[in-house]
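Source file: upload-v3.txt; contents: compact mmCIF, C-alpha atoms.
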```txt
# COMPACT_ATOMS: atom_id res chain seq x y z
CA MET A 1 0.00 0.00 0.00
CA LYS A 2 1.30 3.45 -0.88
CA LYS A 3 2.29 5.48 2.14
CA THR A 4 2.13 8.88 0.40
CA ARG A 5 -1.52 9.19 1.39
CA PHE A 6 -0.72 8.68 5.06
CA VAL A 7 2.11 11.22 5.00
CA ILE A 8 -0.36 13.72 3.55
CA LEU A 9 -3.15 12.83 5.99
CA GLY A 10 -0.74 12.98 8.93
CA LEU A 11 0.50 16.44 7.96
CA LEU A 12 -3.05 17.65 7.34
CA GLN A 13 -4.12 16.49 10.79
CA GLU A 14 -1.71 19.15 12.12
CA GLU A 15 -2.84 22.01 9.87
CA ASP A 16 -4.26 22.93 6.48
CA LEU A 17 -1.52 22.86 3.83
CA SER A 18 -1.01 23.35 0.11
CA GLY A 19 0.73 20.72 -2.00
CA TYR A 20 3.86 22.89 -1.95
CA ASP A 21 3.67 23.17 1.86
CA ILE A 22 3.34 19.39 2.15
CA LYS A 23 6.48 18.84 0.05
CA LYS A 24 8.35 21.50 2.02
CA SER A 25 7.36 19.91 5.36
CA ILE A 26 8.50 16.49 4.19
CA ASN A 27 11.83 17.86 2.95
CA ILE A 28 12.51 19.78 6.15
CA ARG A 29 11.00 17.65 8.86
CA MET A 30 11.28 14.11 7.50
CA SER A 31 14.23 14.15 5.13
CA PHE A 32 16.32 11.69 7.12
CA PHE A 33 13.67 9.00 7.02
CA TRP A 34 11.14 9.83 4.30
CA GLN A 35 10.98 11.32 0.80
CA GLU A 36 8.10 12.18 -1.50
CA SER A 37 8.16 13.92 -4.87
CA TYR A 38 5.68 16.41 -6.27
CA GLY A 39 4.84 13.65 -8.77
CA GLN A 40 3.69 11.51 -5.85
CA ILE A 41 2.03 14.24 -3.78
CA TYR A 42 -0.24 15.97 -6.30
CA PRO A 43 -1.83 12.83 -7.81
CA GLU A 44 -2.40 11.51 -4.29
CA LEU A 45 -4.04 14.79 -3.25
CA SER A 46 -6.48 14.33 -6.14
CA LYS A 47 -7.22 10.72 -5.12
CA LEU A 48 -7.70 11.66 -1.47
CA LYS A 49 -10.08 14.45 -2.49
CA GLU A 50 -12.06 12.07 -4.76
CA GLU A 51 -12.31 9.56 -1.89
CA GLY A 52 -13.58 12.25 0.49
CA LEU A 53 -10.57 11.91 2.82
CA ILE A 54 -9.52 15.54 2.30
CA GLU A 55 -11.19 18.68 1.01
CA GLN A 56 -10.01 22.01 -0.22
CA SER A 57 -9.99 24.61 2.47
CA LEU A 58 -10.67 28.26 1.85
CA SER A 59 -8.00 29.78 -0.36
CA GLU A 60 -6.04 32.64 1.09
CA ALA A 61 -4.45 35.51 -0.76
CA SER A 62 -0.74 35.87 -0.18
CA GLY A 63 2.23 37.81 -1.47
CA LYS A 64 2.39 41.07 -3.38
CA ALA A 65 0.39 39.68 -6.29
CA LYS A 66 -2.29 38.35 -3.92
CA ILE A 67 -2.27 34.93 -5.55
CA GLU A 68 -4.79 32.57 -4.02
CA LYS A 69 -3.28 29.42 -2.61
CA ILE A 70 -5.19 26.15 -2.60
CA LYS A 71 -4.92 24.43 0.74
CA TYR A 72 -6.29 21.10 1.86
CA ARG A 73 -7.77 19.90 5.14
CA ILE A 74 -8.41 16.43 6.44
CA THR A 75 -12.03 15.28 6.72
CA PRO A 76 -13.45 13.09 9.50
CA GLU A 77 -13.25 10.16 7.05
CA GLY A 78 -9.59 11.01 6.43
CA SER A 79 -8.96 11.05 10.18
CA GLN A 80 -10.52 7.58 10.43
CA ALA A 81 -8.36 6.28 7.55
CA LEU A 82 -5.26 7.68 9.27
CA LYS A 83 -6.33 6.10 12.57
CA ARG A 84 -6.76 2.68 10.92
CA TRP A 85 -3.32 2.95 9.33
CA MET A 86 -1.77 3.99 12.67
CA GLU A 87 -3.28 0.89 14.29
CA ALA A 88 -2.07 -1.50 11.56
CA GLU A 89 1.17 -3.44 11.88
CA ASN A 90 4.23 -1.76 10.32
CA GLU A 91 5.79 -3.11 7.17
CA LYS A 92 9.50 -3.92 7.26
CA ASP A 93 11.62 -0.75 7.11
CA THR A 94 14.19 -0.57 4.36
CA ILE A 95 17.21 1.67 4.03
CA ARG A 96 19.02 2.16 0.74
CA SER A 97 22.32 4.01 0.46
CA GLU A 98 24.30 4.04 -2.75
CA PHE A 99 27.27 5.42 -0.83
CA LEU A 100 27.30 2.49 1.63
CA LEU A 101 26.89 0.06 -1.24
CA LYS A 102 29.97 1.55 -2.93
CA MET A 103 31.84 1.52 0.38
CA TYR A 104 31.00 -2.14 0.82
CA PHE A 105 32.46 -3.03 -2.59
CA ALA A 106 35.45 -0.65 -2.42
CA THR A 107 38.96 -2.01 -2.98
CA ASP A 108 42.45 -0.51 -2.95
CA GLN A 109 41.95 0.31 -6.64
CA ASN A 110 39.31 2.94 -5.88
CA SER A 111 40.36 4.13 -2.43
CA GLU A 112 40.87 7.75 -3.55
CA GLU A 113 37.36 7.91 -4.97
CA MET A 114 35.99 6.40 -1.76
CA LYS A 115 37.80 9.06 0.30
CA GLN A 116 36.04 11.70 -1.80
CA HIS A 117 32.66 9.98 -1.33
CA LEU A 118 33.35 9.62 2.38
CA THR A 119 34.30 13.29 2.71
CA LEU A 120 31.07 14.33 1.01
CA PHE A 121 29.07 11.90 3.19
CA LYS A 122 30.63 13.50 6.29
CA GLU A 123 29.92 17.03 5.06
CA GLN A 124 26.28 16.11 4.41
CA ALA A 125 26.00 14.57 7.89
CA ASP A 126 27.56 17.68 9.44
CA GLN A 127 25.05 19.87 7.61
CA LYS A 128 22.18 17.73 8.88
CA VAL A 129 23.50 17.98 12.45
CA ILE A 130 23.47 21.78 12.20
CA LEU A 131 20.02 21.82 10.58
CA PHE A 132 18.49 19.37 13.06
CA GLN A 133 19.99 21.27 16.02
CA MET A 134 18.40 24.43 14.65
CA PHE A 135 15.02 22.69 14.25
CA GLN A 136 15.31 21.17 17.71
CA GLN A 137 16.04 24.54 19.28
CA GLU A 138 13.15 26.18 17.43
CA LEU A 139 10.64 23.41 18.17
CA THR A 140 11.66 23.09 21.82
CA SER A 141 10.83 26.75 22.33
CA LYS A 142 7.32 26.20 20.88
CA ILE A 143 5.85 23.66 23.25
CA ASP A 144 2.72 21.83 22.06
CA MET A 145 2.56 23.44 18.62
CA HIS A 146 0.61 20.37 17.39
CA ASN A 147 -1.02 17.42 19.16
CA ASN A 148 2.00 15.33 18.16
CA HIS A 149 4.64 17.92 19.09
CA ARG A 150 6.43 15.68 21.60
CA GLN A 151 6.59 12.83 19.08
CA ILE A 152 7.99 15.19 16.44
CA LEU A 153 10.73 16.17 18.89
CA LYS A 154 11.55 12.51 19.59
CA VAL A 155 11.82 11.68 15.88
CA LEU A 156 13.96 14.78 15.37
CA ASP A 157 16.20 13.66 18.24
CA LEU A 158 16.72 10.31 16.50
CA GLY A 159 17.58 12.11 13.25
CA LEU A 160 20.08 14.31 15.08
CA ARG A 161 21.70 11.31 16.75
CA GLN A 162 21.83 9.44 13.45
CA ALA A 163 23.45 12.39 11.63
CA GLN A 164 25.98 12.79 14.47
CA LEU A 165 26.77 9.07 14.31
CA TYR A 166 27.30 9.29 10.52
CA SER A 167 29.59 12.29 11.00
CA ASP A 168 31.65 10.59 13.72
CA TRP A 169 31.87 7.33 11.76
CA SER A 170 32.97 9.19 8.62
CA ARG A 171 35.67 11.11 10.50
CA GLU A 172 37.02 7.93 12.10
CA THR A 173 36.97 6.05 8.77
CA LEU A 174 38.75 8.89 6.98
CA GLU A 175 41.43 8.86 9.70
CA GLU A 176 41.87 5.10 9.25
CA LEU A 177 42.17 5.41 5.48
CA GLY A 178 44.83 8.10 5.91
```
Show how you would write the structure in this file as structure tokens.
Amino acid sequence: MKKTRFVILGLLQEEDLSGYDIKKSINIRMSFFWQESYGQIYPELSKLKEEGLIEQSLSEASGKAKIEKIKYRITPEGSQALKRWMEAENEKDTIRSEFLLKMYFATDQNSEEMKQHLTLFKEQADQKVILFQMFQQELTSKIDMHNNHRQILKVLDLGLRQAQLYSDWSRETLEELG
């Protein structure tokens, strides 16, 4: 079963959002464990609307040009669908990393390339640490922003720890490779 619909429903249970806002929230708040493309989000918004799980909320004018923005809100039926999904058993989690796959198959013949990949991996992890620390500081100061605020902070804490672990591991591995 596609999970895009549940990402959308979960975000809409917090607040009304546009398709762009949904993508932005996923990129910022979930990037270390979830990705969705516009090509997945917009068709799913249409399906959810057809099924009565979401509806368009009142458009609001924004910006200098006062362009109306279409936002969506979850319906009671959508809340029930999200609840049923939350109660269902989780599917097996999978993690795919092209970098780790290359690292696994690396030999002395491509050690210089691997050092470059490893350096980039570390830089990306360091950037995530900084970003997640910033989010953590901001969200900690806004207690109970949403009903699931505490859970958001716990997931963010895991992301921060994971990024720090990747950074530390990369540094140690680079030192070993010389």
Exercise. Which distance in Å separates atom CA of A:Ile95 and atom CA of A:Phe33, to one decimal?
Worked result: 8.7 Å
Exercise. Could you name the residues that touch A:Arg96 at 12 Å or less, counting all atoms listed in the file, but leaving out those on the same chain fewer than 3 positions away, as a PyMOL selection string?
Worked result: chain A and resi 32-34+93+99-102
Exercise. Within 7 Å of A:Glu55, counting only C-alpha atoms, which residues qualify if same-chain residues fewer than 6 places away don't, as a list in words?
Worked result: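 Counting only C-alpha atoms, the residues come to Lys49, Tyr72, Arg73, Ile74 and Thr75 of chain A.
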Atoms kept (C-alpha atoms) for selection, written as a tab-separated table (two decimals), in the frame of the given file:
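Dumped to selection_25.tsv:
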```tsv
chain	number	residue	atom	x	y	z
A	49	LYS	CA	-10.08	14.45	-2.49
A	72	TYR	CA	-6.29	21.10	1.86
A	73	ARG	CA	-7.77	19.90	5.14
A	74	ILE	CA	-8.41	16.43	6.44
A	75	THR	CA	-12.03	15.28	6.72
```
Exercise. Between atom CA of A:Glu89 and atom CA of A:Gly10, what is the distance, to one decimal in Å?
Worked result: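 Taking atom CA of A:Glu89 and atom CA of A:Gly10, their separation equals 16.8 Å.
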Exercise. Distance atom CA of A:Asp21-atom CA of A:Glu36, one decimal place?
Worked result: 12.3 Å
All file atoms of stretch 8-17 of chain A boxed axis-aligned, 8 Å per side, centre plus edges, as JSON:
```
{"center_x": -1.9, "center_y": 17.9, "center_z": 7.8, "size_x": 20.8, "size_y": 26.1, "size_z": 24.6}
```
Missing atoms in stretch 12-23 of chain A: can you complete it with N, CA and C atoms, as a compact mmCIF listing (two decimals), keeping the file's coordinate frame?
```
# COMPACT_ATOMS: atom_id res chain seq x y z
N LEU A 12 -1.81 16.87 7.34
CA LEU A 12 -3.05 17.65 7.34
C LEU A 12 -3.80 17.56 8.67
N GLN A 13 -3.49 16.53 9.46
CA GLN A 13 -4.12 16.49 10.79
C GLN A 13 -3.54 17.59 11.69
N GLU A 14 -2.34 18.07 11.35
CA GLU A 14 -1.71 19.15 12.12
C GLU A 14 -2.25 20.52 11.71
N GLU A 15 -2.40 20.71 10.37
CA GLU A 15 -2.84 22.01 9.87
C GLU A 15 -3.19 21.91 8.39
N ASP A 16 -3.95 22.87 7.90
CA ASP A 16 -4.26 22.93 6.48
C ASP A 16 -3.00 23.31 5.73
N LEU A 17 -2.73 22.62 4.61
CA LEU A 17 -1.52 22.86 3.83
C LEU A 17 -1.80 22.79 2.35
N SER A 18 -0.99 23.48 1.57
CA SER A 18 -1.01 23.35 0.11
C SER A 18 -0.11 22.18 -0.27
N GLY A 19 -0.17 21.77 -1.53
CA GLY A 19 0.73 20.72 -2.00
C GLY A 19 2.18 21.12 -1.82
N TYR A 20 2.49 22.37 -2.12
CA TYR A 20 3.86 22.89 -1.95
C TYR A 20 4.27 22.82 -0.48
N ASP A 21 3.36 23.21 0.43
CA ASP A 21 3.67 23.17 1.86
C ASP A 21 3.90 21.75 2.35
N ILE A 22 3.16 20.80 1.79
CA ILE A 22 3.34 19.39 2.15
C ILE A 22 4.75 18.94 1.76
N LYS A 23 5.14 19.22 0.53
CA LYS A 23 6.48 18.84 0.05
C LYS A 23 7.56 19.49 0.91
```
